[in-house]
Amino acid sequence: MAVVAPAAEEGCPVLSVENVDVRFGGIQALKSVSLNVHMGEICGLIGPNGAGKTTLFNCITRLSTVATGTIRLNGQPIETLPPRQVIRSGIARTFQNLGIYVGMTVLENVMLGAHHISGGCFIDALVRPRHSWQREQEIERRCRDILADLGLEDVADVAAGSLPYATQKRMEIARALASRPTLLLLDEPAGGLTHGEVTEFGALVSRVREAYGVTVVLIEHHMGLVMSLCDRVEVFHLGRNLASGRPEEVRTNPAVINAYLGRSR
Amino acid sequence: MNGTRLFQSAPAALVTAVALCLPFLAPDFMLFEFSIAVCYGIAILGLNLLLGFSGQICLAQGALFGIGAYATAILNVNFGMDPIATLPFAAIITSLIGVLIGLPALRLQGLQLAIVTFGVASAFPQLLLKMDWITGGVTGLATDQPLAPKWFPGSQELWLYGLSLICAAISVFMLRRLLRGDTGRLMRALRDNPLIAESLGVNLTKARLAAFAASSALAGLGGGLFCILNGFISPQSFLPMKSIDILIGGIVGGITSMAGAFIGAVFIVFVPGWTTDINPALGGLIYGLCLIAMMMVARQGIAGLPIGRSLQALGGIFNKKDLSRVPGPLPGQLGGE
Amino acid sequence: MNILTVRDLCAGYGATDVLHKVSFTVEQGSIVALLGANGAGKTTILRALSGLLPSRGLVEFGGTDLRQCSPARRVELGLAQIPQGRGTFGDFTVEENLAIGAYTINSKRQIKEDMERWYTAFPRLAERRRQQSGNLSGGEQQMLALARALMSRPKLLMCDEPSLGLAPAITEQIFEIFKSLNHDHGMTLLVVEQNADLTLQFAHTAYVLEAGDITVSGPASDLLRNEAVQQSYLGV
Amino acid sequence: MRLPTLIKAPLALQALVFAMLTAAPARAEEPSAGITDDTVKIGISGPLTGPVAALGAIADGVRTRTDPINVAGGVRMADGKTRKIELLVEDDGLDPQRTLTNVRKLVEREEVLAVVATAGTPNNQAIGRYINQRGIPNLFMYSGVHELAGPEWEIGFVPSFTTEAATFAKYLLDNKRQAKVALLYLNTETGQTFQAALESAISDSGVTIVAAQPVTSADPTVETQLSTLKASGADTLVVITGPRQGAEAVRFATESGWKPTTLISNIAASIASLKPAGLENAKGVITSQFLKQVNASMPGDDVGVKRYLADHAAAQSKFSTEDALGQSGYAIGDALVKVLESMKAPTREAMMEAARNLDHAQLDLLLPGITLTTKTGEDVYPIESLQLFQFDGAAYQPMGDVISFEGKTPRH
Amino acid sequence: MVLFFQLLIDGLASGAIYASLALALVLIFRATRIVNFGQGEMATLSAYCAWQLCEWGLPVALSFLIVGAASFLLGVFVFRAVIKPVSKAPVETIVVITLGLFVFFQSLCLWLWRADQRAFPAMFPSGGWDILGVRVTASALCILLVLLCLAATMGAIFRFTRLGLAMRASAYSSEKSLLVGIRVERMLMLGWGFAATIGFIAAVLVGPRLFLSPTMMLPILLYALASATLGGWDSPLGALVGGLIVGVAESLGATFLPFIGADLRVVIPIAVTLVILLVRPVGLFGSSTVVKV
């Protein structure tokens, strides 16, 4: 069983998860899991359903509570931050089954991503409308830029719920980018996309990494995407680290084939 | 996206037009009834903010309304303040108490919150009786009548009606400020899916309590106005059914429509009277049927009726944002492993 | 013999139609794949066939005209669907889910037998029979959804994206089960999938749906070689 | 922004109305609004719906009295004209705010001469300022607490709760000098007024209040309160509540084996309302009354009761003949007729004048010896006498004579 | 000390009254996910009908049977007439409709039978026992026993029978239920029918204690809502236990907490509910529906 050595590679990792345990009731969802992600990397997280991948994301974004272990972002421990502070510290995520607001327009959804920058103070909105309005305009401009960058400018004022699934996924990334993240967590971004769309999506993620200088961690079952996109792959099984390495190494690892990929791969 | 425009949709324009024409059309006592409706309308605006826009239910709106009324009465009776000058204080005091009532909302949602707040509404009249050293207990409180100033050429009723309209305009104006921009978005995000909102950095505690505070302030303002209009208040006026009436008004009018708030208020003030006019013995029966029929025809409230919608489409030239509610995924439906 | 005949099917949500006169047939004992991009109307077809959506056009199932049948009656006739996103009852236990799956079966003994059979086939479910199904992992839920659908002893099983969100090994396992159901029990399957690669490998016939219309159809092996299909769905 | 449009409006109209209003009292012979040569309009606002809809029988009771009069041609008033009485009834659900709205509607749209039988103390207080400013008679309020909000234009009807408390106290002082009293009272002005009055009436005597428990109309049951009262060791139970709690108290006494002397306020003591508790359980209950006992199957030879029963049948009234509230309404209607008969001019002032100078007016349903007496400036309380009754399992039997407190009702 | 135990018993007795309405509320919630504010008023109408039949000379048992069946039809009718047409409407709409039912049925009773209170035929003996100075009445005991049986039966039906499973499934998701062959509409209809019958049984139980009047259920509505919330909305047993807790807390609190007293006793059910919900947000017996991201 390959265990990742603590960041021996170049410099301090952007995200470092060390020996994290998580329990739900009587079930131990994560057992001493570790993960290091370096600057500018695209790291793939794969493993059978129920291996604890999304749970790890939830721990990082503080939607689940860590029993033991530490999670650091740029060296700062974040496992005790309140959930709403996580995005402020530079971590943005997307959700497995889409976490978008279907009743709002695309632009509004994306601007929500910048909420922690604009503040959304009720008193401000009431007594200093000009001030909050200026800030609003500024954020809108920036969000429209991001939308244009992702090719969504035409649908900016369309209700998000009426868009095709693939566009919604793209919008969710735009929203994540609006929060000026350093680390982007993508939970099954290719799920439910057709093959052509998956390829497009992969290109988008690469481009976003370059253009916005973000580090990406993604959970994915689509092996084609994982193999072509990721710099490094981390395999989970039954709440533990199973293997780690470059995509081609992992792909041929017998333990991974046995637990996850199946015979045909 | 010019949010400073006061009236964005056709129902709003219609309601405003009717409100401004009333003095020419309605006799004094009707004007008085309409002023009462405006009070309720302001309280319903508060409920709209809470239920329609931030997705939290409060069935204590009638109690908060009463707190506003008592704040005005006590400030007037015990401290000799001019009744009109007490209104801002009524709003602020009610807002603070509203935050207290909103505290359970941090843990409870939906049905449970509704029942707990309804409990508050039920206890309110008894609490007023218990605190008789300041509320006057069963005898109630009589306030000074704010007479129309000398320069005002119209009748007393017209003066009070004008006063109510000004309060309503201020409320709508403030509410619009809250609902546009970031605060508006975050409240809708809170309503449609609080978990995602939190992961987007929304401070749920602050946002929920702020919504309660703003909503209660409106209820308090409406209540203060109610006290001024009537000149006398007693616990009997703030029974739990008042909260239910306000809820009915909000939903009948359309829970995400500001114009609907006032339409709903007119409904709860006038319709019970009309139904007893049809037949005193069958009044309640007809009112009950009326409520049921109303909701079967206008499921989104009167402001959401097709006719309202087509008007809205007409007004779409002015209308940039659609604030209507599309049901988002429930927290439990997000799925995941 | 065709177990299912669909002719000129139109259906949609509200005023606009998503499907524009779709026609296709499913042969008794075959596996039929329905491919297409998001929003092409695949799920709409399944929903219309199950009677969840009002539709126009002819739908004939095992010789019965389905247009007059309520959704419940269709299940009784042997039409089962596993909806997208699993469709288990989250606050039911695993066992209750299976029991409710057999709602149309009247023989207690048969229910009991079937339950044991699927517990044997899916040992993970047997282990968790008293757990709330909402607490199961994605793969377990998909298995439960499958077992639940099978409890009604369907003649035609329709699956909406069975591989969505599942690990490759589990996807494979589920397709193996499909294959054996088809092969050993003669069950007819209609599968909607994104994973065209895998689907075409095991299906007999396939239809490609584009914007509410069937554009390509034929034996699965032909489609595997079709250039247009390869470009948009197979990623060659 | 909106003000200019508002101001321009009905200047002329407002001025006109104002002029008419101020001018009216000046020319006293000119008839007031609501009265013509052949009709007089009277308004009633009361709860016809909601939890206290039982009070709606009062309005129906008034109608029971006026309908037959209209059929017979009308009331012959002191100015020589005969007029029919047109009653207008509005529902307020006992919400003071709605009472005010209703009264305004009645006065301004329907133009009634006066309002009668307005139920509820807060409700009468809510309309006090308005009727005073407008000069609208508010006659024969149905409220046992006489805190007048518009003293110039108001007059009560039923005995004050202070009078009832004094009657009960008199009974105890005469018959049970060392009584230990447990008090179950409605936590509104009703009960609080009674409690205060009872306390002052028994001060410096052997009678003591050992426990008092409030009930609210929203309480599902009052057994908790009764258990507490029982535990206090009292030997006398005084109940000042609505009919439901009164009946519960009676039943509790039987069920729990506690047998105190029970005194029940007349608002809860009607035979009909005690029936659910079992009439045999109610044996021995004492109450005070100002209305005659009506028994439809055995009307006896009382002329007043017979007329009441005849009118009740003729008017097709919806309340039962034994309903004390309907009877009160009938008596109020009767009193209204008396006032109309003695009105010397068709004005509101004349009406108030007549109502304030009733001299031992006898009503059909008042007990013999109880009359309406008022005097301008001195006595504004029409009924200030009560008679004690005890229930024998089938009917109330009088205990002693009418106890009069004429002129002793405390003023506020 | 005798007083304490007496109040405890009194609390259980009044708790049983709250529990009976709570049981009907929980049943309809379990079967249709709707809180029917008109439930109590529908039950009142049924009780009046039963009373009227008795007045007309029918034997008590027979009239109860007839009205029990009629109540079922009433529930079905209400569902078909006003709930089914709006089944896809937002929840607020349905809330207002049930409030409309509340107003309608209350006014109907008021119109037909007027506001006077009437004696409802008692099913249980009126006596009681004195145990060390604490009075236990037979009727309270019988009500409790009947409720316990009712709650247990309902719980068992929901858990172990096909019908119960199908009703729960229909309430959970109509679409998924259709896919397994459940006739969802029929299930919802049954749910309304059963709830109306249970409501009638509740009214029969509490009628003799509260007396028959158009507003007899009004004062206990809040207490019943609190009981159901406290017990967790999807458990019949929870409703029973919740009702008893509310009853006892109220009885003891109103007497022994001087700052509350009998006049503020309405605060107690809410305070107790709040405290329990803060500790256990789904209520005592509620099953937690999994919430995950």
# chains A, B, ... in the order shown; residues from 1 in each chain; ligands from 1
call {"tool": "interface_residues", "arguments": {"of": "chain B", "to": "chain E", "cutoff": "9 Å", "atoms": "only C-alpha atoms", "output": "ChimeraX atom specification"}}
result
/B:104,107-108,111-112,115-120,122-123,126-127,129-130,195-196,244,247-248,251-252,255,281-296,298-301,327,331-337
call {"tool": "interface_residues", "arguments": {"of": "chain A", "to": "chain C", "cutoff": "9 Å", "atoms": "only C-alpha atoms", "output": "PyMOL selection string"}}
result
chain A and resi 46-51+96+164-166+188+191-197+199+220-223+257-265
call {"tool": "select_by_dssp", "arguments": {"residues": "range 223-263 of chain E", "states": "helix (DSSP H, G or I)", "output": "VMD selection string"}}
result
chain E and resid 223 to 231 236 to 256 262 to 263
call {"tool": "residues_around", "arguments": {"residues": "range 257-271 of chain B", "least_positions_apart": "2", "cutoff": "7 Å", "atoms": "only C-alpha atoms", "output": "number ranges by chain"}}
result
B: 11-12, 15, 37-38, 40-41, 44-45, 245, 249-250, 252-255, 273-275, 302-303
call {"tool": "write_last_selection", "arguments": {"atoms": "C-alpha atoms", "output": "PDB file, in the first residue's frame"}}
result
ATOM      1  CA  PRO B  11     -48.913  45.513 -10.596  1.00  0.00           C
ATOM      2  CA  ALA B  12     -46.840  47.972  -8.601  1.00  0.00           C
ATOM      3  CA  VAL B  15     -51.375  49.632  -6.905  1.00  0.00           C
ATOM      4  CA  ALA B  37     -54.843  48.126   5.025  1.00  0.00           C
ATOM      5  CA  VAL B  38     -51.644  50.059   4.370  1.00  0.00           C
ATOM      6  CA  TYR B  40     -51.008  45.588   7.328  1.00  0.00           C
ATOM      7  CA  GLY B  41     -49.411  45.978   3.926  1.00  0.00           C
ATOM      8  CA  ILE B  44     -46.797  41.945   5.006  1.00  0.00           C
ATOM      9  CA  LEU B  45     -43.868  43.511   3.169  1.00  0.00           C
ATOM     10  CA  ASP B 245     -54.267  36.952   8.901  1.00  0.00           C
ATOM     11  CA  GLY B 249     -52.572  38.416   3.251  1.00  0.00           C
ATOM     12  CA  GLY B 250     -48.988  37.803   2.225  1.00  0.00           C
ATOM     13  CA  VAL B 252     -52.947  35.693  -1.172  1.00  0.00           C
ATOM     14  CA  GLY B 253     -51.221  38.771  -2.537  1.00  0.00           C
ATOM     15  CA  GLY B 254     -48.179  36.883  -3.741  1.00  0.00           C
ATOM     16  CA  ILE B 255     -45.285  36.252  -1.437  1.00  0.00           C
ATOM     17  CA  GLY B 273     -66.450  42.494   5.929  1.00  0.00           C
ATOM     18  CA  TRP B 274     -67.859  41.939   2.471  1.00  0.00           C
ATOM     19  CA  THR B 275     -68.612  38.310   3.133  1.00  0.00           C
ATOM     20  CA  ILE B 302     -53.067  37.622  -6.875  1.00  0.00           C
ATOM     21  CA  ALA B 303     -49.978  39.450  -8.101  1.00  0.00           C
TER      22      ALA B 303
END
call {"tool": "residues_around", "arguments": {"residues": "Ala148 in chain B", "least_positions_apart": "2", "cutoff": "9 Å", "atoms": "only C-alpha atoms", "output": "number ranges by chain"}}
result
B: 146, 150-160
